[in-house]
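Next comes coords-v5.cif, with mmCIF, C-alpha atoms.
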```cif
data_entry
#
loop_
_atom_site.label_atom_id
_atom_site.label_comp_id
_atom_site.auth_asym_id
_atom_site.auth_seq_id
_atom_site.Cartn_x
_atom_site.Cartn_y
_atom_site.Cartn_z
CA MET A 16 -60.96 -47.61 -32.11
CA LYS A 17 -63.45 -44.86 -31.30
CA ILE A 18 -65.24 -43.31 -34.30
CA ALA A 19 -67.80 -40.50 -34.41
CA ILE A 20 -70.26 -40.23 -37.29
CA ILE A 21 -71.88 -36.82 -37.67
CA GLY A 22 -75.26 -37.07 -39.39
CA ALA A 23 -75.63 -40.78 -38.73
CA THR A 24 -79.38 -40.96 -39.48
CA GLY A 25 -78.93 -39.59 -43.02
CA PHE A 26 -78.74 -41.64 -46.21
CA LEU A 27 -74.96 -42.07 -46.10
CA GLY A 28 -74.61 -42.12 -42.33
CA SER A 29 -77.16 -44.86 -41.74
CA ASN A 30 -75.51 -47.09 -44.36
CA ILE A 31 -72.00 -46.45 -43.03
CA LEU A 32 -73.16 -47.41 -39.53
CA LYS A 33 -74.19 -50.85 -40.79
CA LEU A 34 -70.78 -51.54 -42.32
CA ILE A 35 -68.35 -50.52 -39.57
CA PRO A 36 -67.07 -53.66 -37.78
CA LYS A 37 -68.53 -54.29 -34.32
CA LYS A 38 -65.11 -54.19 -32.65
CA HIS A 39 -65.09 -50.38 -33.00
CA LYS A 40 -66.91 -48.02 -30.62
CA ILE A 41 -69.16 -45.57 -32.44
CA ILE A 42 -70.55 -42.21 -31.34
CA ALA A 43 -73.44 -41.54 -33.73
CA THR A 44 -75.13 -38.12 -33.86
CA TYR A 45 -78.59 -37.05 -34.95
CA VAL A 46 -80.66 -33.87 -35.19
CA ASN A 47 -84.06 -35.16 -36.27
CA LYS A 48 -85.56 -37.02 -33.31
CA GLU A 49 -88.22 -38.60 -35.55
CA LYS A 50 -85.77 -40.56 -37.70
CA LYS A 51 -85.06 -44.20 -36.87
CA ARG A 52 -81.75 -44.94 -35.17
CA LEU A 53 -79.87 -48.21 -35.59
CA LYS A 54 -79.52 -50.10 -32.33
CA LYS A 55 -76.24 -51.94 -31.78
CA LYS A 56 -74.18 -52.60 -28.65
CA ASN A 57 -71.18 -50.68 -30.04
CA ILE A 58 -73.23 -47.57 -30.98
CA LYS A 59 -73.87 -44.69 -28.59
CA TRP A 60 -76.33 -42.09 -29.90
CA LYS A 61 -75.99 -38.38 -29.10
CA PHE A 62 -78.14 -35.43 -30.13
CA LEU A 63 -76.01 -32.80 -31.85
CA ASP A 64 -77.07 -29.47 -33.33
CA ILE A 65 -73.84 -27.68 -34.26
CA HIS A 66 -75.66 -24.33 -34.31
CA LYS A 67 -76.53 -24.53 -30.62
CA ARG A 68 -73.49 -25.74 -28.70
CA ASP A 69 -69.70 -25.73 -28.46
CA LYS A 70 -66.91 -27.94 -27.00
CA PHE A 71 -67.78 -30.56 -29.58
CA TYR A 72 -64.68 -32.74 -29.24
CA ASN A 73 -65.27 -33.42 -25.55
CA TYR A 74 -69.00 -33.92 -26.13
CA LEU A 75 -68.18 -36.60 -28.70
CA ASN A 76 -65.95 -38.41 -26.18
CA LYS A 77 -62.69 -37.53 -28.00
CA PRO A 78 -62.88 -39.94 -30.96
CA GLU A 79 -59.85 -41.03 -32.98
CA ILE A 80 -61.69 -40.55 -36.28
CA ILE A 81 -64.66 -38.39 -37.23
CA ILE A 82 -66.71 -39.00 -40.37
CA HIS A 83 -68.52 -35.72 -40.90
CA LEU A 84 -71.62 -35.99 -43.13
CA GLY A 85 -73.87 -33.39 -41.52
CA TRP A 86 -75.29 -30.41 -43.43
CA SER A 87 -78.66 -28.67 -43.08
CA ASN A 88 -81.40 -27.89 -45.62
CA LEU A 89 -80.62 -30.42 -48.31
CA PRO A 90 -81.49 -30.98 -51.14
CA ASN A 91 -82.40 -27.28 -51.43
CA TYR A 92 -79.11 -26.04 -52.90
CA LYS A 93 -80.20 -22.47 -53.59
CA LEU A 94 -80.82 -21.25 -50.04
CA LYS A 95 -78.64 -18.32 -48.91
CA SER A 96 -78.60 -19.88 -45.44
CA HIS A 97 -75.93 -22.34 -46.66
CA LEU A 98 -73.52 -19.40 -46.73
CA GLN A 99 -75.04 -17.16 -44.09
CA LYS A 100 -75.87 -19.67 -41.34
CA GLU A 101 -74.53 -23.14 -42.10
CA LEU A 102 -71.00 -22.18 -43.15
CA PRO A 103 -70.10 -20.20 -39.97
CA SER A 104 -71.39 -23.05 -37.78
CA GLN A 105 -69.46 -25.63 -39.80
CA LYS A 106 -66.27 -23.59 -39.45
CA LYS A 107 -66.74 -23.28 -35.69
CA PHE A 108 -67.46 -27.00 -35.40
CA ILE A 109 -64.35 -28.15 -37.28
CA HIS A 110 -62.11 -25.55 -35.63
CA ASP A 111 -63.16 -26.78 -32.19
CA LEU A 112 -62.49 -30.40 -33.15
CA VAL A 113 -58.99 -29.95 -34.56
CA SER A 114 -57.89 -27.33 -32.03
CA SER A 115 -59.02 -29.63 -29.20
CA GLY A 116 -56.98 -32.61 -30.36
CA LEU A 117 -58.84 -34.47 -33.15
CA LYS A 118 -56.28 -36.21 -35.37
CA ASN A 119 -58.36 -37.61 -38.26
CA ILE A 120 -61.45 -36.30 -40.05
CA PHE A 121 -63.35 -37.22 -43.21
CA ILE A 122 -65.60 -34.42 -44.51
CA ALA A 123 -68.25 -34.95 -47.17
CA GLY A 124 -67.90 -32.62 -50.15
CA THR A 125 -69.93 -32.53 -53.37
CA CYS A 126 -69.34 -32.79 -57.11
CA PHE A 127 -71.35 -29.54 -57.37
CA GLU A 128 -68.12 -27.80 -56.34
CA TYR A 129 -67.00 -28.25 -59.97
CA GLY A 130 -69.95 -26.15 -61.12
CA TYR A 131 -70.82 -25.97 -64.80
CA GLN A 132 -67.79 -27.87 -66.13
CA GLU A 133 -68.34 -30.69 -68.62
CA GLY A 134 -66.50 -33.94 -69.27
CA LYS A 135 -64.21 -35.94 -67.00
CA LEU A 136 -63.35 -33.92 -63.88
CA SER A 137 -60.35 -34.52 -61.65
CA GLU A 138 -59.13 -33.02 -58.40
CA LYS A 139 -56.90 -30.76 -60.53
CA ASN A 140 -59.92 -28.94 -61.99
CA PHE A 141 -60.62 -25.56 -60.41
CA ASP A 142 -63.62 -24.99 -58.12
CA LYS A 143 -66.42 -23.24 -59.99
CA PRO A 144 -69.42 -23.43 -57.62
CA ASN A 145 -72.63 -21.89 -58.93
CA ASN A 146 -75.15 -22.31 -56.10
CA TYR A 147 -75.11 -21.31 -52.43
CA TYR A 148 -74.62 -24.86 -51.20
CA SER A 149 -71.56 -25.60 -53.33
CA LYS A 150 -70.11 -22.14 -52.65
CA ALA A 151 -70.38 -22.78 -48.91
CA LYS A 152 -68.74 -26.21 -49.32
CA CYS A 153 -65.83 -24.72 -51.28
CA GLU A 154 -65.31 -22.04 -48.66
CA LEU A 155 -65.34 -24.66 -45.92
CA LYS A 156 -62.81 -26.80 -47.82
CA ASN A 157 -60.44 -23.85 -48.17
CA TYR A 158 -60.88 -23.07 -44.47
CA VAL A 159 -60.00 -26.66 -43.51
CA ILE A 160 -56.87 -26.49 -45.69
CA LYS A 161 -55.77 -23.41 -43.70
CA LEU A 162 -56.51 -25.16 -40.41
CA ASN A 163 -54.47 -28.14 -41.61
CA LYS A 164 -51.39 -25.90 -41.76
CA LYS A 165 -51.97 -24.65 -38.22
CA PHE A 166 -53.02 -27.78 -36.30
CA GLU A 167 -51.75 -31.35 -36.38
CA PHE A 168 -54.54 -33.38 -37.95
CA LYS A 169 -55.16 -35.41 -41.10
CA PHE A 170 -58.16 -34.69 -43.29
CA ILE A 171 -59.97 -36.12 -46.29
CA TRP A 172 -62.34 -33.99 -48.34
CA GLY A 173 -64.44 -36.59 -50.13
CA ARG A 174 -65.96 -34.96 -53.20
CA ILE A 175 -68.95 -37.28 -53.61
CA PHE A 176 -70.60 -37.73 -57.02
CA TYR A 177 -74.00 -39.38 -57.53
CA ILE A 178 -75.43 -42.02 -55.23
CA TYR A 179 -78.16 -44.50 -56.09
CA GLY A 180 -79.94 -46.98 -53.87
CA LYS A 181 -83.00 -47.25 -51.64
CA HIS A 182 -83.64 -44.07 -49.65
CA ASN A 183 -85.99 -44.25 -46.67
CA SER A 184 -86.97 -40.57 -46.48
CA ARG A 185 -86.69 -39.05 -49.97
CA ASP A 186 -88.56 -39.82 -53.18
CA THR A 187 -85.40 -40.44 -55.19
CA LEU A 188 -85.18 -41.66 -58.78
CA PHE A 189 -84.29 -45.12 -57.46
CA ASN A 190 -87.41 -45.21 -55.30
CA GLN A 191 -89.55 -43.95 -58.18
CA ILE A 192 -88.18 -46.65 -60.49
CA ILE A 193 -89.02 -49.36 -57.95
CA LYS A 194 -92.53 -47.96 -57.43
CA SER A 195 -93.19 -47.71 -61.18
CA SER A 196 -92.44 -51.44 -61.61
CA LYS A 197 -95.27 -52.45 -59.30
CA LYS A 198 -98.71 -53.45 -60.57
CA ASN A 199 -100.35 -50.10 -59.82
CA GLY A 200 -97.20 -48.05 -60.33
CA ASN A 201 -97.26 -44.90 -62.44
CA LYS A 202 -95.05 -44.28 -65.45
CA ILE A 203 -92.25 -41.83 -64.64
CA ASN A 204 -90.39 -39.33 -66.83
CA VAL A 205 -86.59 -39.64 -67.00
CA THR A 206 -84.14 -37.43 -68.90
CA GLY A 207 -82.42 -40.42 -70.45
CA ASN A 208 -79.40 -38.82 -72.13
CA LEU A 209 -78.03 -36.95 -69.09
CA ILE A 210 -74.52 -38.25 -68.36
CA ARG A 211 -73.46 -38.65 -64.72
CA ASP A 212 -71.19 -40.70 -62.45
CA TYR A 213 -73.03 -43.14 -60.19
CA LEU A 214 -72.06 -45.45 -57.35
CA HIS A 215 -74.37 -47.57 -55.22
CA ILE A 216 -74.88 -46.37 -51.65
CA LYS A 217 -73.17 -49.49 -50.26
CA GLU A 218 -70.11 -48.96 -52.45
CA ILE A 219 -69.75 -45.30 -51.47
CA SER A 220 -70.21 -46.19 -47.80
CA LYS A 221 -67.43 -48.81 -48.01
CA ILE A 222 -65.11 -46.33 -49.74
CA ILE A 223 -65.64 -43.67 -47.05
CA ILE A 224 -64.87 -46.19 -44.30
CA GLN A 225 -61.75 -47.47 -46.10
CA LEU A 226 -60.38 -43.97 -46.70
CA SER A 227 -61.13 -42.86 -43.14
CA PHE A 228 -59.44 -45.91 -41.61
CA LEU A 229 -56.22 -45.17 -43.54
CA LYS A 230 -55.77 -42.11 -41.28
CA LYS A 231 -53.82 -40.24 -43.97
CA ASN A 232 -53.71 -36.58 -44.97
CA ILE A 233 -55.30 -37.19 -48.38
CA GLY A 234 -57.01 -33.81 -48.82
CA LEU A 235 -59.37 -33.48 -51.79
CA ILE A 236 -60.39 -36.75 -53.46
CA ASN A 237 -63.17 -37.68 -55.88
CA ILE A 238 -65.48 -40.46 -54.70
CA CYS A 239 -66.85 -41.77 -57.95
CA SER A 240 -66.88 -44.69 -60.39
CA GLY A 241 -64.78 -42.94 -63.03
CA GLU A 242 -67.35 -43.94 -65.64
CA ALA A 243 -69.76 -41.84 -67.71
CA LEU A 244 -73.23 -43.35 -67.44
CA SER A 245 -76.44 -42.09 -69.02
CA LEU A 246 -79.60 -41.97 -66.93
CA LYS A 247 -81.16 -44.37 -69.43
CA ASN A 248 -78.43 -46.93 -68.76
CA LEU A 249 -78.70 -46.32 -65.02
CA VAL A 250 -82.41 -47.19 -65.18
CA LYS A 251 -81.51 -50.41 -67.03
CA LYS A 252 -78.84 -51.18 -64.42
CA ILE A 253 -81.30 -50.70 -61.54
CA ALA A 254 -83.91 -52.79 -63.36
CA ASN A 255 -81.45 -55.64 -63.93
CA GLU A 256 -80.08 -55.56 -60.37
CA ASN A 257 -83.59 -55.67 -58.89
CA LYS A 258 -85.11 -57.93 -61.57
CA ILE A 259 -87.96 -55.51 -62.31
CA LYS A 260 -89.63 -53.94 -65.34
CA PRO A 261 -90.19 -50.24 -64.57
CA LYS A 262 -92.55 -48.00 -66.54
CA ILE A 263 -90.36 -45.25 -67.97
CA ASN A 264 -90.88 -42.43 -70.43
CA PHE A 265 -87.47 -41.20 -71.59
CA LYS A 266 -87.37 -37.52 -72.53
CA LYS A 267 -84.75 -35.19 -74.01
CA THR A 268 -82.20 -33.24 -71.99
CA LYS A 269 -83.14 -29.85 -70.61
CA ASN A 270 -80.40 -27.46 -69.54
CA ASN A 271 -80.33 -26.25 -65.93
CA ASN A 272 -78.24 -23.66 -64.12
CA ILE A 273 -76.75 -25.99 -61.50
CA GLU A 274 -74.88 -28.64 -63.46
CA PRO A 275 -73.89 -29.50 -67.05
CA ASN A 276 -75.57 -32.21 -69.09
CA LYS A 277 -72.49 -34.42 -69.30
CA PHE A 278 -69.92 -34.79 -66.52
CA TRP A 279 -68.29 -37.55 -64.52
CA GLY A 280 -65.34 -38.00 -62.18
CA CYS A 281 -61.75 -39.15 -62.51
CA ASN A 282 -61.07 -41.81 -59.87
CA LYS A 283 -57.32 -42.28 -60.41
CA LYS A 284 -56.46 -40.84 -56.98
CA LEU A 285 -59.23 -42.88 -55.34
CA LYS A 286 -57.92 -46.13 -56.86
CA PHE A 287 -54.44 -45.34 -55.53
CA TYR A 288 -55.66 -44.97 -51.94
CA LEU A 289 -58.02 -47.94 -52.10
CA LYS A 290 -55.02 -50.01 -53.19
CA LYS A 291 -53.16 -48.65 -50.14
CA ASN A 292 -56.07 -49.81 -48.01
CA ASN A 293 -55.95 -53.33 -49.48
CA GLU A 294 -52.21 -53.50 -48.85
CA LYS A 295 -52.78 -52.42 -45.23
CA ILE A 296 -55.36 -55.17 -44.72
CA LYS A 297 -53.03 -57.86 -46.11
CA LYS A 298 -50.21 -56.97 -43.71
#
```

Please go through the file and, once you have read it, give me the structure as structure tokens.
Amino acid sequence: MKIAIIGATGFLGSNILKLIPKKHKIIATYVNKEKKRLKKKNIKWKFLDIHKRDKFYNYLNKPEIIIHLGWSNLPNYKLKSHLQKELPSQKKFIHDLVSSGLKNIFIAGTCFEYGYQEGKLSEKNFDKPNNYYSKAKCELKNYVIKLNKKFEFKFIWGRIFYIYGKHNSRDTLFNQIIKSSKKNGNKINVTGNLIRDYLHIKEISKIIIQLSFLKKNIGLINICSGEALSLKNLVKKIANENKIKPKINFKKTKNNNIEPNKFWGCNKKLKFYLKKNNEKIKK
């Protein structure tokens, strides 16, 4: 099977590349020429800036499945360019793919689409985006739903919650925790009582591959653990998994205008489709 991964040098993309079986042919795209690219016999790398070209489906060698993870200017969620520049290019990109014959696409969404809603959030909750990035994502999702009624393709909108794990290019909380455990590491401040929904990067990568390979018209689906976890307990989890003793100063919650203090995802729909995947493998 031929699979294209858009944004294959990113955090998710680079981990997904490692997990796809070698029997599949992969077209992997990149924008940043400085980032390292995984070298495997079944991977063909292509430069792709969706703002500067068209005829994407042919350029990607007409894949059977596309896993679309690409989005510019992250993690700066407040830039107007998400709506003004990125969104039109994303619409053009996906329209070209599905109108040219693409049959299956996974698109990365974000839990920020829920906005300032607290508690356990399911796919039935309304979109309430409150920053330019999440507003652009919601608009793109609605656009893809309209395209889905016009063209014959199957899509998955994976609303991804929080990821933890080693990141090679960003100074994430995980990286800071690891650094703080070293002999000369500095103590870090962590808002310990924030409640979130976390999955390890390897687990999320596996889920995205499993869902994509089902080739079903799933639509919107939460990609999450379904569990409420405090940042304090996440730190303990990371410490135990890596057998380290980080230097942490836990502080009280401070409100922000992007997300609530306590929210996590419902993974009932995800469990249903992962079960479908396991049944498919057994056959």

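All polymer residues at most 12 Å from (-73.6, -21.1, -54.1), using only C-alpha atoms, appear as Asn91, Tyr92, Lys93, Leu94, Lys95, Ser96, His97, Leu98, Gln99, Leu102, Phe127, Glu128, Tyr129, Gly130, Asp142, Lys143, Pro144, Asn145, Asn146, Tyr147, Tyr148, Ser149, Lys150, Ala151, Lys152, Cys153, Glu154, Asn272 and Ile273 of chain A.
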
Quick one: residues within 12 Å of A:Lys118, all atoms listed in the file, excluding same-chain residues fewer than 2 positions away - as a list in words? Lys17, Ile18, Tyr72, Lys77, Pro78, Glu79, Ile80, Ile81, Ile82, Ile109, Leu112, Val113, Ser114, Ser115, Gly116, Ile120, Phe121, Asn163, Phe166, Glu167, Phe168, Lys169, Phe170, Ile171, Ser227, Phe228, Lys230, Lys231 and Asn232 of chain A

Taken to one decimal, the atom CA of A:Lys252-atom CA of A:Phe265 distance is 15.0 Å

For A:Lys139, the closest of A:Ser220, A:Asn30, A:Ser184, A:Asn237 counting all atoms listed in the file is A:Asn237

Practice problem: Convert the output of the PyMOL selection byres ((chain A and resi 253) around 12) on the shown file into explicit residues, formatted as a ChimeraX atom specification. | Solution: /A:179-181,188-193,196,213-215,246-252,254-261

Check what the PyMOL selection byres ((chain A and resi 134) around 12) selects in the file above and give those residues as a compact mmCIF listing (two decimals) with C-alpha atoms, in the frame of the given file.
```txt
# COMPACT_ATOMS: atom_id res chain seq x y z
CA TYR A 129 -67.00 -28.25 -59.97
CA GLY A 130 -69.95 -26.15 -61.12
CA TYR A 131 -70.82 -25.97 -64.80
CA GLN A 132 -67.79 -27.87 -66.13
CA GLU A 133 -68.34 -30.69 -68.62
CA LYS A 135 -64.21 -35.94 -67.00
CA LEU A 136 -63.35 -33.92 -63.88
CA SER A 137 -60.35 -34.52 -61.65
CA ASN A 140 -59.92 -28.94 -61.99
CA LEU A 209 -78.03 -36.95 -69.09
CA ILE A 210 -74.52 -38.25 -68.36
CA ARG A 211 -73.46 -38.65 -64.72
CA ASP A 212 -71.19 -40.70 -62.45
CA GLY A 241 -64.78 -42.94 -63.03
CA GLU A 242 -67.35 -43.94 -65.64
CA ALA A 243 -69.76 -41.84 -67.71
CA LEU A 244 -73.23 -43.35 -67.44
CA GLU A 274 -74.88 -28.64 -63.46
CA PRO A 275 -73.89 -29.50 -67.05
CA ASN A 276 -75.57 -32.21 -69.09
CA LYS A 277 -72.49 -34.42 -69.30
CA PHE A 278 -69.92 -34.79 -66.52
CA TRP A 279 -68.29 -37.55 -64.52
CA GLY A 280 -65.34 -38.00 -62.18
CA CYS A 281 -61.75 -39.15 -62.51
```

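Separating atom CA of A:Leu27 from atom CA of A:Lys67 is a distance of 23.4 Å.
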
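With distances taken over all atoms listed in the file, A:His110 is the one residue among A:Ile233, A:His182, A:Phe62, A:His110 lying closest to A:Lys161.
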
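The space separating atom CA of A:Val46 from atom CA of A:Asp64 comes to 6.0 Å.
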
Would you pick out the contacts of stretch 122-124 of chain A at 6 Å or less, using only C-alpha atoms, so that residues sharing its chain but fewer than 5 positions from it are not included, and give the list as a PyMOL selection string?
chain A and resi 83-84+172-175

Requested write-out: C-alpha atoms of the selected residues, as a compact mmCIF listing (two decimals), keeping the file's coordinate frame:
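Output contents, as saved in out03.txt:
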```txt
# COMPACT_ATOMS: atom_id res chain seq x y z
CA HIS A 83 -68.52 -35.72 -40.90
CA LEU A 84 -71.62 -35.99 -43.13
CA TRP A 172 -62.34 -33.99 -48.34
CA GLY A 173 -64.44 -36.59 -50.13
CA ARG A 174 -65.96 -34.96 -53.20
CA ILE A 175 -68.95 -37.28 -53.61
```

**Request:** Could you tell me which residues the PyMOL selection byres ((chain A and resi 42) around 9) returns for this structure, as number ranges by chain?
**Result:** A: 17-21, 40-41, 43-44, 57-61, 75-76, 78

Residue with the minimum atom-to-atom distance to A:Pro36, picked from A:Gln225, A:Ser104, A:Ser195, A:Thr206 with only C-alpha atoms counted, is A:Gln225

File output for stretch 171-203 of chain A (N, CA and C atoms) as a PDB file, in the first residue's frame:
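Result written to decode-v9.pdb:
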```
ATOM      1  N   ILE A 171     -10.975  10.919   8.374  1.00  0.00           N
ATOM      2  CA  ILE A 171     -10.920  10.863   9.837  1.00  0.00           C
ATOM      3  C   ILE A 171     -10.374  12.199  10.312  1.00  0.00           C
ATOM      4  N   TRP A 172     -11.113  12.847  11.199  1.00  0.00           N
ATOM      5  CA  TRP A 172     -10.621  14.079  11.825  1.00  0.00           C
ATOM      6  C   TRP A 172     -10.211  13.712  13.243  1.00  0.00           C
ATOM      7  N   GLY A 173      -8.932  13.487  13.441  1.00  0.00           N
ATOM      8  CA  GLY A 173      -8.426  13.043  14.739  1.00  0.00           C
ATOM      9  C   GLY A 173      -8.197  14.211  15.674  1.00  0.00           C
ATOM     10  N   ARG A 174      -9.112  14.397  16.613  1.00  0.00           N
ATOM     11  CA  ARG A 174      -8.988  15.507  17.566  1.00  0.00           C
ATOM     12  C   ARG A 174      -8.021  15.080  18.674  1.00  0.00           C
ATOM     13  N   ILE A 175      -6.764  15.483  18.515  1.00  0.00           N
ATOM     14  CA  ILE A 175      -5.679  15.013  19.373  1.00  0.00           C
ATOM     15  C   ILE A 175      -5.607  15.825  20.664  1.00  0.00           C
ATOM     16  N   PHE A 176      -5.520  15.114  21.798  1.00  0.00           N
ATOM     17  CA  PHE A 176      -5.364  15.774  23.091  1.00  0.00           C
ATOM     18  C   PHE A 176      -3.865  15.945  23.381  1.00  0.00           C
ATOM     19  N   TYR A 177      -3.413  15.727  24.578  1.00  0.00           N
ATOM     20  CA  TYR A 177      -2.036  16.075  24.930  1.00  0.00           C
ATOM     21  C   TYR A 177      -1.069  14.910  24.732  1.00  0.00           C
ATOM     22  N   ILE A 178       0.080  15.249  24.184  1.00  0.00           N
ATOM     23  CA  ILE A 178       1.123  14.270  23.884  1.00  0.00           C
ATOM     24  C   ILE A 178       2.303  14.506  24.829  1.00  0.00           C
ATOM     25  N   TYR A 179       2.863  13.407  25.338  1.00  0.00           N
ATOM     26  CA  TYR A 179       4.123  13.550  26.071  1.00  0.00           C
ATOM     27  C   TYR A 179       5.134  12.554  25.521  1.00  0.00           C
ATOM     28  N   GLY A 180       6.389  12.887  25.693  1.00  0.00           N
ATOM     29  CA  GLY A 180       7.469  12.063  25.158  1.00  0.00           C
ATOM     30  C   GLY A 180       8.614  12.956  24.698  1.00  0.00           C
ATOM     31  N   LYS A 181       9.744  12.353  24.402  1.00  0.00           N
ATOM     32  CA  LYS A 181      10.926  13.120  24.002  1.00  0.00           C
ATOM     33  C   LYS A 181      10.695  13.844  22.685  1.00  0.00           C
ATOM     34  N   HIS A 182      10.949  15.142  22.698  1.00  0.00           N
ATOM     35  CA  HIS A 182      10.820  15.980  21.500  1.00  0.00           C
ATOM     36  C   HIS A 182      12.205  16.492  21.119  1.00  0.00           C
ATOM     37  N   ASN A 183      12.573  16.330  19.859  1.00  0.00           N
ATOM     38  CA  ASN A 183      13.928  16.691  19.431  1.00  0.00           C
ATOM     39  C   ASN A 183      14.136  18.173  19.150  1.00  0.00           C
ATOM     40  N   SER A 184      13.042  18.933  18.945  1.00  0.00           N
ATOM     41  CA  SER A 184      13.229  20.331  18.551  1.00  0.00           C
ATOM     42  C   SER A 184      12.543  21.360  19.460  1.00  0.00           C
ATOM     43  N   ARG A 185      11.718  20.922  20.399  1.00  0.00           N
ATOM     44  CA  ARG A 185      11.071  21.858  21.310  1.00  0.00           C
ATOM     45  C   ARG A 185      11.428  21.551  22.760  1.00  0.00           C
ATOM     46  N   ASP A 186      11.485  22.601  23.580  1.00  0.00           N
ATOM     47  CA  ASP A 186      11.781  22.431  24.995  1.00  0.00           C
ATOM     48  C   ASP A 186      10.478  22.143  25.743  1.00  0.00           C
ATOM     49  N   THR A 187       9.973  20.931  25.556  1.00  0.00           N
ATOM     50  CA  THR A 187       8.694  20.544  26.151  1.00  0.00           C
ATOM     51  C   THR A 187       8.844  20.258  27.643  1.00  0.00           C
ATOM     52  N   LEU A 188       7.704  20.083  28.308  1.00  0.00           N
ATOM     53  CA  LEU A 188       7.719  19.738  29.736  1.00  0.00           C
ATOM     54  C   LEU A 188       8.477  18.435  29.944  1.00  0.00           C
ATOM     55  N   PHE A 189       8.252  17.460  29.063  1.00  0.00           N
ATOM     56  CA  PHE A 189       8.954  16.174  29.174  1.00  0.00           C
ATOM     57  C   PHE A 189      10.465  16.389  29.146  1.00  0.00           C
ATOM     58  N   ASN A 190      10.928  17.157  28.167  1.00  0.00           N
ATOM     59  CA  ASN A 190      12.368  17.417  28.054  1.00  0.00           C
ATOM     60  C   ASN A 190      12.907  18.146  29.280  1.00  0.00           C
ATOM     61  N   GLN A 191      12.126  19.108  29.786  1.00  0.00           N
ATOM     62  CA  GLN A 191      12.538  19.854  30.977  1.00  0.00           C
ATOM     63  C   GLN A 191      12.642  18.946  32.202  1.00  0.00           C
ATOM     64  N   ILE A 192      11.706  18.017  32.324  1.00  0.00           N
ATOM     65  CA  ILE A 192      11.715  17.074  33.449  1.00  0.00           C
ATOM     66  C   ILE A 192      12.970  16.207  33.388  1.00  0.00           C
ATOM     67  N   ILE A 193      13.300  15.716  32.207  1.00  0.00           N
ATOM     68  CA  ILE A 193      14.499  14.882  32.040  1.00  0.00           C
ATOM     69  C   ILE A 193      15.757  15.680  32.386  1.00  0.00           C
ATOM     70  N   LYS A 194      15.834  16.920  31.882  1.00  0.00           N
ATOM     71  CA  LYS A 194      16.999  17.774  32.147  1.00  0.00           C
ATOM     72  C   LYS A 194      17.146  18.073  33.630  1.00  0.00           C
ATOM     73  N   SER A 195      16.020  18.316  34.314  1.00  0.00           N
ATOM     74  CA  SER A 195      16.066  18.688  35.734  1.00  0.00           C
ATOM     75  C   SER A 195      16.572  17.546  36.615  1.00  0.00           C
ATOM     76  N   SER A 196      16.457  16.304  36.113  1.00  0.00           N
ATOM     77  CA  SER A 196      16.880  15.140  36.903  1.00  0.00           C
ATOM     78  C   SER A 196      18.394  14.920  36.864  1.00  0.00           C
ATOM     79  N   LYS A 197      19.052  15.612  35.935  1.00  0.00           N
ATOM     80  CA  LYS A 197      20.499  15.436  35.806  1.00  0.00           C
ATOM     81  C   LYS A 197      21.253  16.190  36.899  1.00  0.00           C
ATOM     82  N   LYS A 198      22.503  15.853  37.068  1.00  0.00           N
ATOM     83  CA  LYS A 198      23.308  16.384  38.179  1.00  0.00           C
ATOM     84  C   LYS A 198      23.297  17.901  38.232  1.00  0.00           C
ATOM     85  N   ASN A 199      23.471  18.563  37.102  1.00  0.00           N
ATOM     86  CA  ASN A 199      23.498  20.021  37.058  1.00  0.00           C
ATOM     87  C   ASN A 199      22.171  20.625  36.571  1.00  0.00           C
ATOM     88  N   GLY A 200      21.125  19.824  36.608  1.00  0.00           N
ATOM     89  CA  GLY A 200      19.832  20.284  36.134  1.00  0.00           C
ATOM     90  C   GLY A 200      19.171  21.282  37.062  1.00  0.00           C
ATOM     91  N   ASN A 201      18.452  22.224  36.478  1.00  0.00           N
ATOM     92  CA  ASN A 201      17.759  23.253  37.271  1.00  0.00           C
ATOM     93  C   ASN A 201      16.375  22.783  37.693  1.00  0.00           C
ATOM     94  N   LYS A 202      15.926  23.291  38.834  1.00  0.00           N
ATOM     95  CA  LYS A 202      14.569  23.003  39.295  1.00  0.00           C
ATOM     96  C   LYS A 202      13.585  23.721  38.385  1.00  0.00           C
ATOM     97  N   ILE A 203      12.495  23.045  38.020  1.00  0.00           N
ATOM     98  CA  ILE A 203      11.500  23.657  37.134  1.00  0.00           C
ATOM     99  C   ILE A 203      10.165  23.840  37.867  1.00  0.00           C
TER     100      ILE A 203
END
```
